[in-house]
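So this one's target.tsv, TSV, C-alpha atoms (C1' of nucleotides):
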```tsv
chain	number	residue	atom	x	y	z
A	982	MET	CA	4.58	-14.51	7.97
A	983	ILE	CA	2.58	-12.42	5.60
A	984	THR	CA	2.09	-14.20	2.25
A	985	PRO	CA	1.59	-12.63	-1.18
A	986	THR	CA	-2.02	-13.78	-0.98
A	987	ASP	CA	-2.44	-11.97	2.32
A	988	LYS	CA	-0.93	-8.91	0.70
A	989	LYS	CA	-3.59	-8.94	-1.95
A	990	VAL	CA	-6.39	-9.39	0.56
A	991	LEU	CA	-5.10	-6.55	2.70
A	992	LYS	CA	-4.78	-4.34	-0.33
A	993	ARG	CA	-8.37	-5.01	-1.30
A	994	PHE	CA	-9.53	-4.27	2.21
A	995	GLY	CA	-7.56	-1.04	2.16
A	996	GLU	CA	-9.09	0.07	-1.09
A	997	ASN	CA	-12.52	-0.43	0.33
A	998	LEU	CA	-11.63	1.37	3.52
A	999	ARG	CA	-10.42	4.29	1.48
A	1000	LYS	CA	-13.66	4.34	-0.42
A	1001	LEU	CA	-15.69	4.36	2.78
A	1002	ARG	CA	-13.61	7.22	4.13
A	1003	LYS	CA	-13.96	9.23	0.95
A	1004	ASP	CA	-17.67	8.61	0.84
A	1005	LYS	CA	-17.87	10.07	4.28
A	1006	GLY	CA	-15.83	13.04	3.11
A	1007	LEU	CA	-13.06	12.60	5.64
A	1008	SER	CA	-9.41	13.44	5.22
A	1009	LEU	CA	-6.84	11.12	6.78
A	1010	ARG	CA	-6.28	13.60	9.57
A	1011	GLU	CA	-9.98	14.01	10.24
A	1012	MET	CA	-10.44	10.29	10.40
A	1013	SER	CA	-7.38	10.03	12.57
A	1014	TYR	CA	-8.95	12.43	15.00
A	1015	ALA	CA	-12.22	10.50	14.93
A	1016	CYS	CA	-10.74	7.17	15.91
A	1017	SER	CA	-7.44	7.98	17.57
A	1018	ILE	CA	-5.32	6.23	15.01
A	1019	ASP	CA	-2.34	8.07	13.59
A	1020	ASN	CA	-3.09	9.40	10.12
A	1021	SER	CA	0.03	7.82	8.65
A	1022	LYS	CA	-1.09	4.49	9.99
A	1023	ILE	CA	-4.47	4.83	8.33
A	1024	ALA	CA	-2.67	5.64	5.10
A	1025	LYS	CA	-0.66	2.45	5.48
A	1026	ILE	CA	-3.79	0.42	6.14
A	1027	GLU	CA	-5.41	1.82	3.03
A	1028	LYS	CA	-2.32	0.87	1.07
A	1029	GLY	CA	-2.54	-2.66	2.41
A	1030	MET	CA	0.78	-2.29	4.17
A	1031	ILE	CA	-0.34	-3.64	7.53
A	1032	ASN	CA	-2.36	-6.51	8.85
A	1033	ILE	CA	-4.57	-4.75	11.37
A	1034	THR	CA	-5.84	-6.29	14.56
A	1035	PHE	CA	-9.42	-6.80	15.63
A	1036	THR	CA	-9.44	-3.77	17.90
A	1037	THR	CA	-8.05	-1.54	15.17
A	1038	LEU	CA	-10.86	-2.71	12.91
A	1039	LEU	CA	-13.35	-1.66	15.55
A	1040	GLN	CA	-11.71	1.74	15.90
A	1041	LEU	CA	-11.94	2.33	12.17
A	1042	ALA	CA	-15.63	1.45	12.32
A	1043	VAL	CA	-16.11	4.08	14.98
A	1044	ALA	CA	-14.65	6.77	12.75
A	1045	LEU	CA	-16.86	5.68	9.90
A	1046	GLU	CA	-19.87	5.44	12.18
A	1047	ALA	CA	-20.58	2.02	10.77
A	1048	HIS	CA	-20.94	-1.49	12.05
A	1049	PRO	CA	-17.58	-3.29	11.98
A	1050	SER	CA	-18.96	-6.01	9.75
A	1051	MET	CA	-19.67	-3.35	7.17
A	1052	LEU	CA	-15.97	-2.83	6.65
A	1053	LEU	CA	-15.79	-6.40	5.43
A	1054	GLU	CA	-18.61	-6.23	2.98
A	1055	TYR	CA	-17.09	-5.57	-0.41
A	1056	GLU	CA	-16.28	-7.50	-3.54
A	1057	PRO	CA	-13.28	-9.74	-2.75
A	1058	GLU	CA	-12.21	-9.68	-6.37
B	904	MET	CA	-1.53	-1.53	24.72
B	905	ILE	CA	-4.58	-3.68	25.27
B	906	THR	CA	-7.10	-1.92	27.51
B	907	PRO	CA	-9.68	-3.50	29.82
B	908	THR	CA	-12.34	-2.39	27.37
B	909	ASP	CA	-10.52	-4.18	24.57
B	910	LYS	CA	-10.36	-7.23	26.79
B	911	LYS	CA	-14.12	-7.25	27.13
B	912	VAL	CA	-14.66	-6.82	23.42
B	913	LEU	CA	-12.28	-9.64	22.60
B	914	LYS	CA	-13.94	-11.85	25.14
B	915	ARG	CA	-17.34	-11.23	23.60
B	916	PHE	CA	-15.96	-11.96	20.15
B	917	GLY	CA	-14.45	-15.16	21.46
B	918	GLU	CA	-17.69	-16.32	22.99
B	919	ASN	CA	-19.43	-15.84	19.71
B	920	LEU	CA	-16.70	-17.62	17.82
B	921	ARG	CA	-17.04	-20.53	20.16
B	922	LYS	CA	-20.76	-20.63	19.58
B	923	LEU	CA	-20.26	-20.66	15.82
B	924	ARG	CA	-17.76	-23.48	16.10
B	925	LYS	CA	-20.04	-25.53	18.34
B	926	ASP	CA	-22.98	-24.93	16.04
B	927	LYS	CA	-20.91	-26.39	13.28
B	928	GLY	CA	-20.07	-29.33	15.48
B	929	LEU	CA	-16.34	-28.87	15.30
B	930	SER	CA	-13.78	-29.66	17.97
B	931	LEU	CA	-10.84	-27.31	18.40
B	932	ARG	CA	-8.59	-29.77	16.63
B	933	GLU	CA	-10.99	-30.22	13.77
B	934	MET	CA	-11.30	-26.51	13.32
B	935	SER	CA	-7.55	-26.20	13.62
B	936	TYR	CA	-7.17	-28.61	10.74
B	937	ALA	CA	-9.76	-26.74	8.70
B	938	CYS	CA	-8.04	-23.38	8.87
B	939	SER	CA	-4.42	-24.14	9.73
B	940	ILE	CA	-4.45	-22.38	13.05
B	941	ASP	CA	-3.04	-24.21	16.05
B	942	ASN	CA	-5.82	-25.55	18.26
B	943	SER	CA	-4.38	-23.93	21.36
B	944	LYS	CA	-4.42	-20.59	19.59
B	945	ILE	CA	-8.08	-20.98	18.72
B	946	ALA	CA	-8.76	-21.79	22.36
B	947	LYS	CA	-6.99	-18.57	23.33
B	948	ILE	CA	-8.98	-16.58	20.81
B	949	GLU	CA	-12.22	-18.01	22.18
B	950	LYS	CA	-11.10	-17.03	25.65
B	951	GLY	CA	-10.44	-13.49	24.45
B	952	MET	CA	-6.76	-13.81	25.24
B	953	ILE	CA	-5.49	-12.48	21.94
B	954	ASN	CA	-6.22	-9.62	19.62
B	955	ILE	CA	-6.31	-11.42	16.28
B	956	THR	CA	-5.26	-9.89	13.00
B	957	PHE	CA	-7.33	-9.38	9.89
B	958	THR	CA	-5.87	-12.41	8.14
B	959	THR	CA	-6.53	-14.63	11.13
B	960	LEU	CA	-10.13	-13.50	11.08
B	961	LEU	CA	-10.36	-14.56	7.46
B	962	GLN	CA	-8.85	-17.94	8.25
B	963	LEU	CA	-11.40	-18.55	10.97
B	964	ALA	CA	-14.15	-17.70	8.51
B	965	VAL	CA	-12.80	-20.33	6.15
B	966	ALA	CA	-13.07	-23.02	8.81
B	967	LEU	CA	-16.61	-21.97	9.59
B	968	GLU	CA	-17.47	-21.76	5.92
B	969	ALA	CA	-18.94	-18.33	6.54
B	970	HIS	CA	-18.44	-14.81	5.30
B	971	PRO	CA	-15.90	-12.99	7.49
B	972	SER	CA	-18.42	-10.30	8.31
B	973	MET	CA	-20.59	-12.95	9.86
B	974	LEU	CA	-18.08	-13.45	12.63
B	975	LEU	CA	-18.74	-9.88	13.68
B	976	GLU	CA	-22.49	-10.10	13.75
B	977	TYR	CA	-23.47	-10.76	17.32
B	978	GLU	CA	-24.86	-8.82	20.25
B	979	PRO	CA	-22.08	-6.58	21.55
B	980	GLU	CA	-23.65	-6.67	25.00
C	657	DA	C1'	-11.41	-49.76	33.52
C	658	DG	C1'	-8.53	-48.27	29.86
C	659	DA	C1'	-8.03	-45.58	25.71
C	660	DA	C1'	-8.89	-41.78	23.01
C	661	DT	C1'	-10.47	-37.16	22.46
C	662	DT	C1'	-10.89	-32.55	23.84
C	663	DG	C1'	-10.22	-27.97	25.93
C	664	DA	C1'	-6.93	-25.26	27.51
C	665	DG	C1'	-2.81	-23.21	29.55
C	666	DG	C1'	2.38	-22.66	29.41
C	667	DT	C1'	6.71	-21.61	26.90
C	668	DC	C1'	9.93	-20.11	23.40
C	669	DT	C1'	11.17	-17.50	19.04
C	670	DT	C1'	10.27	-14.58	15.47
C	671	DA	C1'	7.60	-11.47	12.89
C	672	DT	C1'	5.12	-7.55	12.96
C	673	DA	C1'	1.28	-4.34	14.74
C	674	DA	C1'	0.88	-0.36	17.50
C	675	DG	C1'	1.92	4.19	18.56
C	676	DG	C1'	4.05	8.37	17.77
C	677	DC	C1'	6.74	11.73	15.32
C	678	DC	C1'	8.95	13.96	11.22
C	679	DG	C1'	9.05	15.77	6.75
C	680	DC	C1'	7.88	16.51	2.14
C	681	DA	C1'	5.69	16.69	-2.42
C	682	DA	C1'	1.43	17.51	-4.40
C	683	DT	C1'	-3.01	19.61	-4.04
C	684	DT	C1'	-6.23	22.77	-2.66
C	685	DT	C1'	-7.59	27.10	-0.82
C	686	DA	C1'	-7.28	31.88	0.19
D	666	DT	C1'	1.39	33.19	-5.43
D	667	DA	C1'	1.61	32.36	-0.70
D	668	DA	C1'	-0.38	29.43	2.74
D	669	DA	C1'	-2.70	25.65	4.32
D	670	DT	C1'	-4.16	20.94	3.79
D	671	DT	C1'	-3.51	16.34	2.51
D	672	DG	C1'	-1.55	11.82	1.41
D	673	DC	C1'	1.94	9.15	2.52
D	674	DG	C1'	6.42	7.07	3.52
D	675	DG	C1'	10.29	6.58	6.74
D	676	DC	C1'	12.01	5.71	11.40
D	677	DC	C1'	12.14	4.21	16.12
D	678	DT	C1'	10.53	1.59	20.36
D	679	DT	C1'	7.59	-1.34	22.59
D	680	DA	C1'	3.93	-4.52	22.87
D	681	DT	C1'	2.15	-8.47	21.25
D	682	DA	C1'	0.35	-11.73	17.46
D	683	DA	C1'	1.87	-15.69	15.10
D	684	DG	C1'	3.43	-20.20	14.96
D	685	DA	C1'	4.84	-24.39	16.83
D	686	DC	C1'	5.11	-27.68	20.44
D	687	DC	C1'	4.23	-29.83	25.01
D	688	DT	C1'	1.48	-31.29	28.79
D	689	DC	C1'	-2.40	-32.39	31.34
D	690	DA	C1'	-6.99	-32.68	33.49
D	691	DA	C1'	-11.50	-33.66	32.31
D	692	DT	C1'	-14.62	-35.90	29.20
D	693	DT	C1'	-16.24	-39.19	26.23
D	694	DC	C1'	-15.92	-43.52	23.99
D	695	DT	C1'	-15.04	-48.65	23.83
```
Render the structure in this file as structure tokens.
Amino acid sequence: MITPTDKKVLKRFGENLRKLRKDKGLSLREMSYACSIDNSKIAKIEKGMINITFTTLLQLAVALEAHPSMLLEYEPE
Amino acid sequence: MITPTDKKVLKRFGENLRKLRKDKGLSLREMSYACSIDNSKIAKIEKGMINITFTTLLQLAVALEAHPSMLLEYEPE
DNA sequence: AGAATTGAGGTCTTATAAGGCCGCAATTTA
DNA sequence: TAAATTGCGGCCTTATAAGACCTCAATTCT
């Protein structure tokens, strides 16, 4: 079950993801196209609404042309 | 659906996880205790049998006393 | 040898991620 | 201002992760 603490962690991850996407100047649909993940799903991830799997993390990294570990390097807060 | 390519990626991740655990001198049960993940599940992860979620990745990092991103830093191969 | 530890697979239930589509309000652009 | 783009939430089905427990063969320890 997804705890309130998890919620917070996912939200923080989402915020960072959003930042990385913006920095790369991509719209949700552009990013969607770049990694084959539905744009609405990416929106949900950025909102911290879903607990993504390992493979989804890798897909996101592809779209951002970054190393997967980079998506985890942000201030936990 | 989990593709053969995903399978390979998960397997590689698992091998690395196993290495990290061994390096820390932990048995599956010890690690299980350290991160509240059933030992049989950790075994499955190491075997690349499951596509773990973001929160599970964080839990594993706790047991290894490492930054989550570290679990992703290995030779993709 | 006997006991304990360890890795690992199987099984069952429940929660939820994935995948895909729709629509709409708010921007942004033409 | 009309038209496109964008973010985003809802909905549905299917696949599968999570979580918990059991068993057992192979090691390792005593």
Item to check | Nearby residues (only C-alpha atoms (C1' of nucleotides)) at most 12 Å from segment 947-951 of chain B, same-chain spacing under 5 positions excluded, as a ChimeraX atom specification | outcome: /A:1035-1036 /B:905,907-925,931,940-942,956,959-960,963 /C:663-666 /D:682
Output file for the residues above (C-alpha atoms (C1' of nucleotides), as a PDB file, in the frame of the given file):
```pdb
ATOM      1  CA  PHE A1035      -9.420  -6.800  15.630  1.00  0.00           C
ATOM      2  CA  THR A1036      -9.440  -3.770  17.900  1.00  0.00           C
TER       3      THR A1036
ATOM      4  CA  ILE B 905      -4.580  -3.680  25.270  1.00  0.00           C
ATOM      5  CA  PRO B 907      -9.680  -3.500  29.820  1.00  0.00           C
ATOM      6  CA  THR B 908     -12.340  -2.390  27.370  1.00  0.00           C
ATOM      7  CA  ASP B 909     -10.520  -4.180  24.570  1.00  0.00           C
ATOM      8  CA  LYS B 910     -10.360  -7.230  26.790  1.00  0.00           C
ATOM      9  CA  LYS B 911     -14.120  -7.250  27.130  1.00  0.00           C
ATOM     10  CA  VAL B 912     -14.660  -6.820  23.420  1.00  0.00           C
ATOM     11  CA  LEU B 913     -12.280  -9.640  22.600  1.00  0.00           C
ATOM     12  CA  LYS B 914     -13.940 -11.850  25.140  1.00  0.00           C
ATOM     13  CA  ARG B 915     -17.340 -11.230  23.600  1.00  0.00           C
ATOM     14  CA  PHE B 916     -15.960 -11.960  20.150  1.00  0.00           C
ATOM     15  CA  GLY B 917     -14.450 -15.160  21.460  1.00  0.00           C
ATOM     16  CA  GLU B 918     -17.690 -16.320  22.990  1.00  0.00           C
ATOM     17  CA  ASN B 919     -19.430 -15.840  19.710  1.00  0.00           C
ATOM     18  CA  LEU B 920     -16.700 -17.620  17.820  1.00  0.00           C
ATOM     19  CA  ARG B 921     -17.040 -20.530  20.160  1.00  0.00           C
ATOM     20  CA  LYS B 922     -20.760 -20.630  19.580  1.00  0.00           C
ATOM     21  CA  LEU B 923     -20.260 -20.660  15.820  1.00  0.00           C
ATOM     22  CA  ARG B 924     -17.760 -23.480  16.100  1.00  0.00           C
ATOM     23  CA  LYS B 925     -20.040 -25.530  18.340  1.00  0.00           C
ATOM     24  CA  LEU B 931     -10.840 -27.310  18.400  1.00  0.00           C
ATOM     25  CA  ILE B 940      -4.450 -22.380  13.050  1.00  0.00           C
ATOM     26  CA  ASP B 941      -3.040 -24.210  16.050  1.00  0.00           C
ATOM     27  CA  ASN B 942      -5.820 -25.550  18.260  1.00  0.00           C
ATOM     28  CA  THR B 956      -5.260  -9.890  13.000  1.00  0.00           C
ATOM     29  CA  THR B 959      -6.530 -14.630  11.130  1.00  0.00           C
ATOM     30  CA  LEU B 960     -10.130 -13.500  11.080  1.00  0.00           C
ATOM     31  CA  LEU B 963     -11.400 -18.550  10.970  1.00  0.00           C
TER      32      LEU B 963
ATOM     33  C1'  DG C 663     -10.220 -27.970  25.930  1.00  0.00           C
ATOM     34  C1'  DA C 664      -6.930 -25.260  27.510  1.00  0.00           C
ATOM     35  C1'  DG C 665      -2.810 -23.210  29.550  1.00  0.00           C
ATOM     36  C1'  DG C 666       2.380 -22.660  29.410  1.00  0.00           C
TER      37       DG C 666
ATOM     38  C1'  DA D 682       0.350 -11.730  17.460  1.00  0.00           C
TER      39       DA D 682
END
```
Next on the checklist: Would you compute the distance between atom CA of Thr906 of chain B and atom CA of Ser972 of chain B? Give it in Å to one decimal.
Outcome noted: 23.8 Å
Quick one: axis-aligned box around all listed atoms of segment 672-681 of chain D, 4 Å on every side, centre and edge lengths in Å to one decimal, written as lines of an AutoDock Vina configuration file.
```
center_x = 5.3
center_y = 1.7
center_z = 12.1
size_x = 21.7
size_y = 28.3
size_z = 29.5
```
Checklist entry - Please, which residues of chain C lie no more than 12 Å from chain A when the count uses only C-alpha atoms (C1' of nucleotides), and can they be set out as a ChimeraX atom specification? => result /C:670-678
Next on the checklist: Could you check the closest approach to DT684 of chain C for each of D:DT678, D:DT688, D:DT693, D:DT670 and tell me which residue wins, using all atoms listed in the file?
Outcome noted: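 The answer is D:DT670, which sits nearest to DT684 of chain C.
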Compile the residues of chain D that lie within 9 Å of chain B, evaluated using all atoms listed in the file, and express the compilation as a PDB file with C-alpha atoms (C1' of nucleotides), keeping the file's coordinate frame.
```pdb
ATOM      1  C1'  DA D 680       3.930  -4.520  22.870  1.00  0.00           C
ATOM      2  C1'  DT D 681       2.150  -8.470  21.250  1.00  0.00           C
ATOM      3  C1'  DA D 682       0.350 -11.730  17.460  1.00  0.00           C
ATOM      4  C1'  DG D 684       3.430 -20.200  14.960  1.00  0.00           C
ATOM      5  C1'  DA D 685       4.840 -24.390  16.830  1.00  0.00           C
TER       6       DA D 685
END
```
Item to check | Straight-line distance linking atom CA of Cys1016 of chain A with atom CA of Gln1040 of chain A, stated in Å to one decimal | outcome: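 One can read the atom CA of Cys1016 of chain A to atom CA of Gln1040 of chain A distance as 5.5 Å.
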Item to check | Point-to-point distance in Å for atom CA of Glu980 of chain B and atom CA of Leu1007 of chain A | outcome: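 Result for atom CA of Leu1007 of chain A versus atom CA of Glu980 of chain B: 29.3 Å, one decimal.
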Next on the checklist: Residues within 12 Å of (-22.1, 6.6, 10.2), file coordinates, counting all atoms listed in the file: what are they? Give the list as a list in words.
Outcome noted: Leu1001, Arg1002, Asp1004, Lys1005, Gly1006, Leu1007, Ala1015, Leu1041, Ala1042, Val1043, Ala1044, Leu1045, Glu1046, Ala1047, His1048, Pro1049, Met1051 and Leu1052 of chain A
Next on the checklist: Using only C-alpha atoms (C1' of nucleotides) - which residues lie no farther than 8 Å from the point (-4.1, 15.9, -0.1) in the file's frame? Write them as a list in words.
Outcome noted: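 Residues found, by chain and rising number: Ser1008 of chain A; DA682, DT683 and DT684 of chain C; DT670, DT671 and DG672 of chain D.
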Some atoms are absent from segment 1007-1018 of chain A, so rebuild all heavy atoms and return them as a compact mmCIF listing (two decimals), in the coordinates of the input.
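Output (selection23.txt):
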```txt
# COMPACT_ATOMS: atom_id res chain seq x y z
N LEU A 1007 -14.08 12.35 4.61
CA LEU A 1007 -13.06 12.60 5.64
C LEU A 1007 -11.66 12.59 5.06
O LEU A 1007 -11.37 11.83 4.15
CB LEU A 1007 -13.14 11.51 6.72
CG LEU A 1007 -14.41 11.38 7.55
CD1 LEU A 1007 -14.34 10.13 8.41
CD2 LEU A 1007 -14.61 12.62 8.42
N SER A 1008 -10.81 13.46 5.62
CA SER A 1008 -9.41 13.44 5.22
C SER A 1008 -8.75 12.46 6.19
O SER A 1008 -9.36 12.06 7.19
CB SER A 1008 -8.79 14.82 5.40
OG SER A 1008 -8.63 15.12 6.76
N LEU A 1009 -7.53 12.06 5.89
CA LEU A 1009 -6.84 11.12 6.78
C LEU A 1009 -6.74 11.70 8.17
O LEU A 1009 -6.95 11.01 9.17
CB LEU A 1009 -5.43 10.82 6.25
CG LEU A 1009 -5.34 9.88 5.04
CD1 LEU A 1009 -3.89 9.75 4.61
CD2 LEU A 1009 -5.90 8.51 5.40
N ARG A 1010 -6.42 12.98 8.25
CA ARG A 1010 -6.28 13.60 9.57
C ARG A 1010 -7.61 13.72 10.32
O ARG A 1010 -7.66 13.57 11.54
CB ARG A 1010 -5.60 14.96 9.43
CG ARG A 1010 -4.07 14.83 9.23
CD ARG A 1010 -3.42 16.18 8.96
NE ARG A 1010 -1.96 16.10 8.87
CZ ARG A 1010 -1.28 15.65 7.83
NH1 ARG A 1010 -1.94 15.20 6.77
NH2 ARG A 1010 0.03 15.62 7.83
N GLU A 1011 -8.67 13.93 9.58
CA GLU A 1011 -9.98 14.01 10.24
C GLU A 1011 -10.36 12.64 10.78
O GLU A 1011 -10.84 12.51 11.90
CB GLU A 1011 -11.05 14.48 9.24
CG GLU A 1011 -11.02 15.99 9.00
CD GLU A 1011 -11.86 16.41 7.80
OE1 GLU A 1011 -12.19 15.55 6.95
OE2 GLU A 1011 -12.17 17.60 7.70
N MET A 1012 -10.11 11.64 9.97
CA MET A 1012 -10.44 10.29 10.40
C MET A 1012 -9.56 9.91 11.59
O MET A 1012 -10.02 9.27 12.52
CB MET A 1012 -10.23 9.31 9.24
CG MET A 1012 -10.57 7.89 9.64
SD MET A 1012 -11.09 6.89 8.24
CE MET A 1012 -11.13 5.26 9.00
N SER A 1013 -8.32 10.29 11.50
CA SER A 1013 -7.38 10.03 12.57
C SER A 1013 -7.93 10.57 13.89
O SER A 1013 -7.93 9.89 14.91
CB SER A 1013 -6.05 10.70 12.25
OG SER A 1013 -5.20 10.70 13.37
N TYR A 1014 -8.40 11.79 13.81
CA TYR A 1014 -8.95 12.43 15.00
C TYR A 1014 -10.19 11.68 15.51
O TYR A 1014 -10.37 11.52 16.72
CB TYR A 1014 -9.32 13.88 14.67
CG TYR A 1014 -9.84 14.63 15.86
CD1 TYR A 1014 -8.98 15.01 16.91
CD2 TYR A 1014 -11.20 14.94 15.97
CE1 TYR A 1014 -9.47 15.68 18.02
CE2 TYR A 1014 -11.70 15.61 17.09
CZ TYR A 1014 -10.83 15.98 18.11
OH TYR A 1014 -11.31 16.63 19.22
N ALA A 1015 -10.99 11.19 14.57
CA ALA A 1015 -12.22 10.50 14.93
C ALA A 1015 -12.06 9.11 15.53
O ALA A 1015 -12.97 8.59 16.15
CB ALA A 1015 -13.14 10.42 13.72
N CYS A 1016 -10.90 8.52 15.35
CA CYS A 1016 -10.74 7.17 15.91
C CYS A 1016 -9.43 6.97 16.64
O CYS A 1016 -9.09 5.86 17.01
CB CYS A 1016 -10.93 6.12 14.83
SG CYS A 1016 -9.70 6.12 13.54
N SER A 1017 -8.70 8.06 16.82
CA SER A 1017 -7.44 7.98 17.57
C SER A 1017 -6.40 7.04 16.97
O SER A 1017 -5.69 6.36 17.69
CB SER A 1017 -7.70 7.57 19.01
OG SER A 1017 -8.72 8.35 19.57
N ILE A 1018 -6.36 7.02 15.66
CA ILE A 1018 -5.32 6.23 15.01
C ILE A 1018 -4.52 7.22 14.18
O ILE A 1018 -5.09 8.03 13.45
CB ILE A 1018 -5.93 5.16 14.07
CG1 ILE A 1018 -6.69 4.11 14.88
CG2 ILE A 1018 -4.83 4.49 13.25
CD1 ILE A 1018 -7.36 3.04 14.03
```
